[in-house]
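**Student:** The following file, start.csv, comprises CSV, C-alpha atoms:
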chain,number,residue,atom,x,y,z
A,179,MET,CA,13.3,-44.9,55.3
A,180,LYS,CA,13.0,-42.0,57.8
A,181,LYS,CA,15.1,-39.8,55.6
A,182,TYR,CA,12.9,-40.7,52.6
A,183,ILE,CA,9.7,-39.8,54.4
A,184,PHE,CA,11.3,-36.5,55.7
A,185,GLY,CA,12.4,-35.7,52.2
A,186,VAL,CA,8.9,-36.3,50.8
A,187,LEU,CA,7.3,-34.1,53.5
A,188,ILE,CA,9.7,-31.2,52.7
A,189,ALA,CA,9.0,-31.5,49.0
A,190,MET,CA,5.3,-31.4,49.7
A,191,MET,CA,5.7,-28.3,51.8
A,192,PHE,CA,7.5,-26.5,49.1
A,193,SER,CA,5.2,-27.7,46.4
A,194,LEU,CA,2.1,-26.1,48.1
A,195,PRO,CA,0.7,-23.0,46.3
A,196,ALA,CA,1.7,-19.7,47.7
A,197,PHE,CA,-1.8,-18.9,48.8
A,198,ALA,CA,-1.6,-21.7,51.4
A,199,GLN,CA,1.1,-20.0,53.4
A,200,TRP,CA,-0.5,-16.7,54.2
A,201,ASP,CA,-0.3,-16.0,58.0
A,202,VAL,CA,-1.4,-12.4,58.5
A,203,LYS,CA,-3.2,-12.1,61.8
A,204,THR,CA,-2.8,-8.6,63.1
A,205,GLN,CA,-3.6,-5.1,61.7
A,206,GLN,CA,0.1,-4.3,61.7
A,207,GLU,CA,0.9,-7.4,59.7
A,208,LEU,CA,-1.9,-6.5,57.3
A,209,GLN,CA,-0.4,-3.0,56.9
A,210,THR,CA,3.0,-4.5,56.0
A,211,ARG,CA,1.5,-6.8,53.4
A,212,MET,CA,-0.6,-4.0,52.0
A,213,ASN,CA,2.4,-1.9,51.5
A,214,GLU,CA,4.4,-4.6,49.8
A,215,VAL,CA,1.6,-5.9,47.6
A,216,GLY,CA,0.2,-2.5,46.8
A,217,PHE,CA,3.5,-0.9,45.7
A,218,ASN,CA,4.3,-4.1,43.7
A,219,LEU,CA,1.0,-3.6,41.8
A,220,LEU,CA,1.8,0.1,41.2
A,221,ASN,CA,5.3,-0.4,40.0
A,222,SER,CA,4.6,-3.5,37.9
A,223,SER,CA,1.9,-1.6,35.9
A,224,ARG,CA,4.1,1.5,35.7
A,225,ILE,CA,1.3,3.6,37.4
A,226,GLU,CA,2.7,7.1,37.5
A,227,HIS,CA,0.1,8.5,40.0
A,228,ARG,CA,0.8,8.4,43.7
A,229,LEU,CA,-1.3,6.3,45.9
A,230,ILE,CA,-0.8,5.1,49.5
A,231,PHE,CA,-2.2,2.2,51.4
A,232,LYS,CA,-3.6,2.2,55.0
A,233,THR,CA,-5.6,0.0,57.4
A,234,ILE,CA,-8.2,1.8,59.4
A,235,ASN,CA,-10.8,0.7,61.9
A,236,ARG,CA,-13.6,3.1,61.2
A,237,VAL,CA,-14.2,4.7,57.8
A,238,TYR,CA,-17.2,4.9,55.5
A,239,THR,CA,-16.8,2.4,52.7
A,240,ARG,CA,-19.0,1.6,49.7
A,241,ASP,CA,-17.6,-2.0,49.6
A,242,MET,CA,-17.6,-2.4,53.4
A,243,TYR,CA,-14.1,-3.7,53.6
A,244,SER,CA,-12.2,-1.4,51.3
A,245,ASP,CA,-12.3,1.9,49.5
A,246,VAL,CA,-10.2,4.7,48.1
A,247,SER,CA,-10.3,8.4,49.1
A,248,SER,CA,-10.7,10.8,46.2
A,249,VAL,CA,-9.3,13.6,48.3
A,250,ASN,CA,-5.9,12.2,49.5
A,251,ARG,CA,-5.5,9.2,47.2
A,252,THR,CA,-5.4,6.7,50.0
A,253,VAL,CA,-6.6,3.1,49.5
A,254,TRP,CA,-8.2,2.0,52.8
A,255,VAL,CA,-8.7,-1.5,54.0
A,256,LYS,CA,-10.4,-2.5,57.2
A,257,PRO,CA,-8.6,-5.1,59.4
A,258,GLU,CA,-11.9,-7.0,59.6
A,259,ILE,CA,-11.0,-8.3,56.2
A,260,ILE,CA,-8.2,-10.5,57.6
A,261,PRO,CA,-10.3,-13.6,58.2
A,262,TYR,CA,-11.5,-13.5,54.6
A,263,ILE,CA,-8.1,-13.2,52.9
A,264,ASP,CA,-5.9,-16.3,52.4
A,265,SER,CA,-3.1,-15.1,50.2
A,266,ASP,CA,-1.2,-12.2,48.7
A,267,ASP,CA,-3.2,-12.9,45.5
A,268,GLU,CA,-6.4,-12.3,47.3
A,269,LEU,CA,-5.1,-9.1,49.0
A,270,ALA,CA,-3.9,-8.0,45.6
A,271,ALA,CA,-7.4,-8.6,44.3
A,272,VAL,CA,-8.8,-6.1,46.8
A,273,LEU,CA,-6.1,-3.5,46.3
A,274,SER,CA,-6.0,-3.6,42.5
A,275,HIS,CA,-9.7,-2.8,42.2
A,276,GLN,CA,-9.3,0.2,44.5
A,277,ILE,CA,-6.0,1.3,42.7
A,278,SER,CA,-8.0,1.6,39.5
A,279,HIS,CA,-10.5,3.9,41.2
A,280,GLY,CA,-7.5,5.8,42.7
A,281,VAL,CA,-6.0,6.3,39.2
A,282,ASP,CA,-9.4,7.7,38.1
A,283,THR,CA,-9.1,10.4,40.8
A,284,TYR,CA,-6.3,12.0,38.8
A,285,GLU,CA,-8.6,12.5,35.8
A,286,GLY,CA,-10.7,15.6,35.0
A,287,VAL,CA,-10.7,19.2,36.1
A,288,PHE,CA,-9.3,20.6,39.3
A,289,ARG,CA,-6.7,17.8,39.3
A,290,GLY,CA,-9.4,15.3,39.4
A,291,TYR,CA,-11.1,16.7,42.5
A,292,ILE,CA,-14.6,16.1,41.3
A,293,SER,CA,-13.8,12.8,39.6
A,294,ILE,CA,-15.8,11.0,42.3
A,295,LEU,CA,-19.0,12.5,40.7
A,296,ASN,CA,-18.4,10.3,37.6
A,297,TYR,CA,-18.5,7.2,39.9
A,298,TRP,CA,-21.7,8.4,41.6
A,299,VAL,CA,-23.4,8.9,38.3
A,300,ALA,CA,-22.3,5.6,36.7
A,301,PRO,CA,-21.0,3.2,39.4
A,302,SER,CA,-21.6,0.0,37.4
A,303,LYS,CA,-19.5,1.4,34.5
A,304,TYR,CA,-16.6,2.4,36.7
A,305,ASP,CA,-16.7,-0.9,38.7
A,306,GLU,CA,-16.5,-2.9,35.5
A,307,LYS,CA,-13.6,-0.7,34.4
A,308,ALA,CA,-11.9,-1.3,37.8
A,309,ASP,CA,-12.5,-5.1,37.6
A,310,MET,CA,-10.9,-5.4,34.2
A,311,ARG,CA,-8.0,-3.2,35.2
A,312,ALA,CA,-7.6,-5.2,38.3
A,313,VAL,CA,-7.1,-8.3,36.3
A,314,ASP,CA,-4.4,-6.6,34.2
A,315,TYR,CA,-2.7,-5.1,37.2
A,316,MET,CA,-2.5,-8.4,38.9
A,317,VAL,CA,-1.1,-10.3,35.9
A,318,ASN,CA,1.5,-7.6,35.4
A,319,ALA,CA,2.6,-8.0,39.1
A,320,GLY,CA,2.6,-11.8,39.0
A,321,TYR,CA,-0.5,-12.4,41.0
A,322,ASN,CA,-3.3,-14.8,39.9
A,323,PRO,CA,-6.3,-12.8,38.9
A,324,LEU,CA,-8.7,-15.7,39.6
A,325,ALA,CA,-8.3,-14.5,43.2
A,326,ILE,CA,-10.6,-11.6,42.3
A,327,ILE,CA,-13.4,-14.1,41.7
A,328,VAL,CA,-12.6,-16.0,44.9
A,329,VAL,CA,-12.7,-12.8,47.0
A,330,MET,CA,-15.9,-11.6,45.4
A,331,ASN,CA,-17.5,-15.0,46.0
A,332,LYS,CA,-16.5,-14.7,49.7
A,333,LEU,CA,-17.5,-11.1,50.3
A,334,GLY,CA,-19.9,-9.9,47.6
A,335,LYS,CA,-23.5,-9.5,48.6
A,336,GLN,CA,-26.0,-11.0,46.1
A,337,TYR,CA,-28.9,-8.6,45.6
A,338,ARG,CA,-32.0,-9.6,43.6
A,339,TYR,CA,-31.8,-6.7,41.2
A,340,ASP,CA,-29.0,-4.4,40.1
A,341,ILE,CA,-31.2,-1.3,40.7
A,342,LEU,CA,-31.2,-2.0,44.5
A,343,SER,CA,-27.4,-1.6,44.8
A,344,ASN,CA,-26.6,0.7,41.8
A,345,HIS,CA,-24.0,-1.9,40.9
A,346,ASP,CA,-23.9,-4.9,38.6
A,347,LEU,CA,-24.9,-8.1,40.5
A,348,ILE,CA,-21.9,-9.9,41.9
A,349,THR,CA,-22.7,-13.0,39.8
A,350,ARG,CA,-22.5,-10.8,36.6
A,351,ARG,CA,-19.3,-9.1,37.7
A,352,MET,CA,-17.6,-12.4,38.4
A,353,MET,CA,-18.6,-13.7,35.0
A,354,LYS,CA,-17.3,-10.6,33.2
A,355,ILE,CA,-14.0,-11.1,35.1
A,356,TYR,CA,-13.9,-14.8,34.1
A,357,GLN,CA,-14.6,-13.8,30.5
A,358,HIS,CA,-11.8,-11.2,30.5
A,359,ILE,CA,-9.3,-13.7,31.9
A,360,TYR,CA,-10.5,-16.4,29.4
A,361,THR,CA,-10.1,-14.0,26.5
A,362,LYS,CA,-6.9,-12.2,27.4
A,363,TYR,CA,-5.0,-14.7,29.6
A,364,PRO,CA,-6.2,-18.2,28.7
A,365,ALA,CA,-3.0,-19.8,30.1
A,366,ILE,CA,-4.1,-18.8,33.6
A,367,LEU,CA,-7.3,-21.0,33.2
A,368,ALA,CA,-5.3,-23.7,31.5
A,369,GLU,CA,-2.9,-23.9,34.5
A,370,ASN,CA,-5.5,-23.1,37.1
A,371,GLU,CA,-4.0,-22.9,40.6
A,372,TYR,CA,-7.5,-22.3,42.0
A,373,LYS,CA,-9.2,-25.4,40.5
A,374,ASP,CA,-9.4,-27.1,43.9
A,375,ASN,CA,-10.2,-24.0,45.9
A,376,ILE,CA,-13.7,-24.4,47.4
A,377,TYR,CA,-14.7,-20.8,46.7
A,378,TYR,CA,-13.7,-21.1,43.1
A,379,GLN,CA,-15.4,-24.4,42.8
A,380,ASN,CA,-18.6,-22.7,44.2
A,381,PHE,CA,-18.2,-20.0,41.5
A,382,LEU,CA,-18.1,-22.7,38.8
A,383,LEU,CA,-21.2,-24.3,40.3
A,384,THR,CA,-23.2,-21.1,40.5
A,385,SER,CA,-22.0,-19.8,37.1
A,386,ARG,CA,-22.7,-22.9,35.1
A,387,LYS,CA,-25.6,-21.4,33.1
A,388,ASN,CA,-23.7,-18.2,32.4
A,389,ARG,CA,-20.6,-20.0,31.4
A,390,LEU,CA,-22.7,-22.0,28.9
A,391,LYS,CA,-23.9,-18.7,27.5
A,392,PHE,CA,-20.3,-17.6,27.1
A,393,GLN,CA,-19.2,-20.9,25.6
A,394,ASN,CA,-22.1,-20.7,23.1
A,395,LYS,CA,-20.9,-17.2,22.1
A,396,ILE,CA,-17.4,-18.5,21.4
A,397,GLU,CA,-18.5,-21.6,19.5
A,398,ASN,CA,-20.9,-19.6,17.3
A,399,ASN,CA,-18.6,-16.6,16.9
A,400,GLN,CA,-21.3,-14.3,18.1
A,401,GLN,CA,-20.7,-10.6,18.5
A,402,GLY,CA,-21.9,-8.1,21.2
A,403,LYS,CA,-22.2,-8.3,24.9
A,404,ILE,CA,-23.8,-11.2,26.8
A,405,LYS,CA,-26.6,-10.5,29.2
A,406,TYR,CA,-25.7,-12.8,32.0
A,407,ASP,CA,-28.4,-14.2,34.3
A,408,TYR,CA,-29.0,-13.3,37.9
Let me see whether you can do it: turn the structure in this file into structure tokens.
**Tutor:**
Amino acid sequence: MKKYIFGVLIAMMFSLPAFAQWDVKTQQELQTRMNEVGFNLLNSSRIEHRLIFKTINRVYTRDMYSDVSSVNRTVWVKPEIIPYIDSDDELAAVLSHQISHGVDTYEGVFRGYISILNYWVAPSKYDEKADMRAVDYMVNAGYNPLAIIVVMNKLGKQYRYDILSNHDLITRRMMKIYQHIYTKYPAILAENEYKDNIYYQNFLLTSRKNRLKFQNKIENNQQGKIKYDY
């Protein structure tokens, strides 16, 4: 009987999803995971531009916890993010978005030196581009892109109007990511590892009206973009 119980416990341990076993606690451990996850993302999507990954305590960041330098192509992440990240999937969600911005720094004149101006002029456009790319990068590397929604739901500030932040509202960004996954990678939603995750469940709760809009578009074969609610 004891052997049976022990065997069941072992089986349960190995059947837990990978995101339940993340144990990063220090800045050095975060740096190690960033290197492994970051370069996995780069290699899996065959990104031919060099980027490096670094944790740093004090740096100006648009997103508070992460950013990318357009000068030296470094993806920065603050160690303060550690309590909010529960898996390699979620770390990949943070890095993949910034990798997209990093790839953009190679585009344009002067070897992309002034590419940052494009972001300043149209931040919402480039954030949406980075969100969609992030999904693709994560799928290519074997990570679950629903983690992007989970991380955004934990960390994203919810402003009243887009104009106050120069970015799309987090609620709208999460819905566009959900729509992209639903359209391009439906199997991920069908075999949803995050269905019992409290942060993902909260997204389902707060996005109910927007998901009904999306479902209505599908059922009625409507064209054009959906204007998601606040």
**Student:** Figure out the distance between CA of Lys307 in chain A and CA of Gln379 in chain A, please, to one decimal in Å.
**Tutor:**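 These two atoms are separated by 25.2 Å.
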**Student:** Leaving out Ala271 in chain A and any residue of its chain fewer than 5 positions from it, which residues lie within 10 Å of it when counting all atoms listed in the file, given as a ChimeraX atom specification?
**Tutor:** /A:215,263,265-266,276,309,312-313,315-316,321-330
**Student:** Nearest to Ile366 in chain A: which of A:Tyr406, A:Ser385, A:Val317, A:Asn331 is it, counting all atoms listed in the file?
**Tutor:**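 Of all the options, A:Val317 lies closest to Ile366 in chain A.
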**Student:** Between CA of Glu226 in chain A and CA of Gly320 in chain A, what is the spacing in Å?
**Tutor:** 19.0 Å
**Student:** Find the residue from A:Arg211, A:Arg386, A:Arg338, A:Lys354 that sits nearest to Ala270 in chain A; use all atoms listed in the file when measuring.
**Tutor:**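 Ranked by minimum distance to Ala270 in chain A, first place goes to A:Arg211.
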**Student:** To one decimal place in Å, what is the distance between CA of Ile260 in chain A and CA of Gln357 in chain A?
**Tutor:**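 Taking CA of Ile260 in chain A and CA of Gln357 in chain A, their separation equals 28.0 Å.
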**Student:** Using only C-alpha atoms for the distances, tell me which of A:Gln401, A:Asn250, A:Asn318, A:Ser278 is nearest to Glu306 in chain A.
**Tutor:** A:Ser278
**Student:** Between A:Ile234, A:Leu333, A:Ile277, A:Val202, which has the minimum distance to Phe217 in chain A (counting all atoms listed in the file)?
**Tutor:**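 When distances to Phe217 in chain A are compared using all atoms listed in the file, the smallest one comes from A:Ile277.
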**Student:** I need every residue sitting at most 9 Å from the point (-6.0, -3.8, 48.6) (coordinates as in the file, all atoms listed in the file considered), written as a list in words.
**Tutor:**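 All residues meeting the 9 Å criterion around (-6.0, -3.8, 48.6) are Met212, Val215, Gly216, Phe231, Ser244, Asp245, Val253, Trp254, Val255, Glu268, Leu269, Ala270, Ala271, Val272, Leu273, Ser274, His275, Gln276 and Ile277 of chain A.
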**Student:** Residues near Asp305 in chain A, anyone? I mean within 10 Å using all atoms listed in the file, not counting same-chain ones fewer than 3 positions away, as an NGL selection string.
**Tutor:** :A and (275-276 or 278-279 or 297 or 300-302 or 308-311 or 345-346 or 351)
**Student:** Which one of A:Pro261, A:Ile396, A:Met352, A:Pro364 sits closest to Trp200 in chain A if you count all atoms listed in the file?
**Tutor:**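 Residue with the minimum atom-to-atom distance to Trp200 in chain A: A:Pro261.
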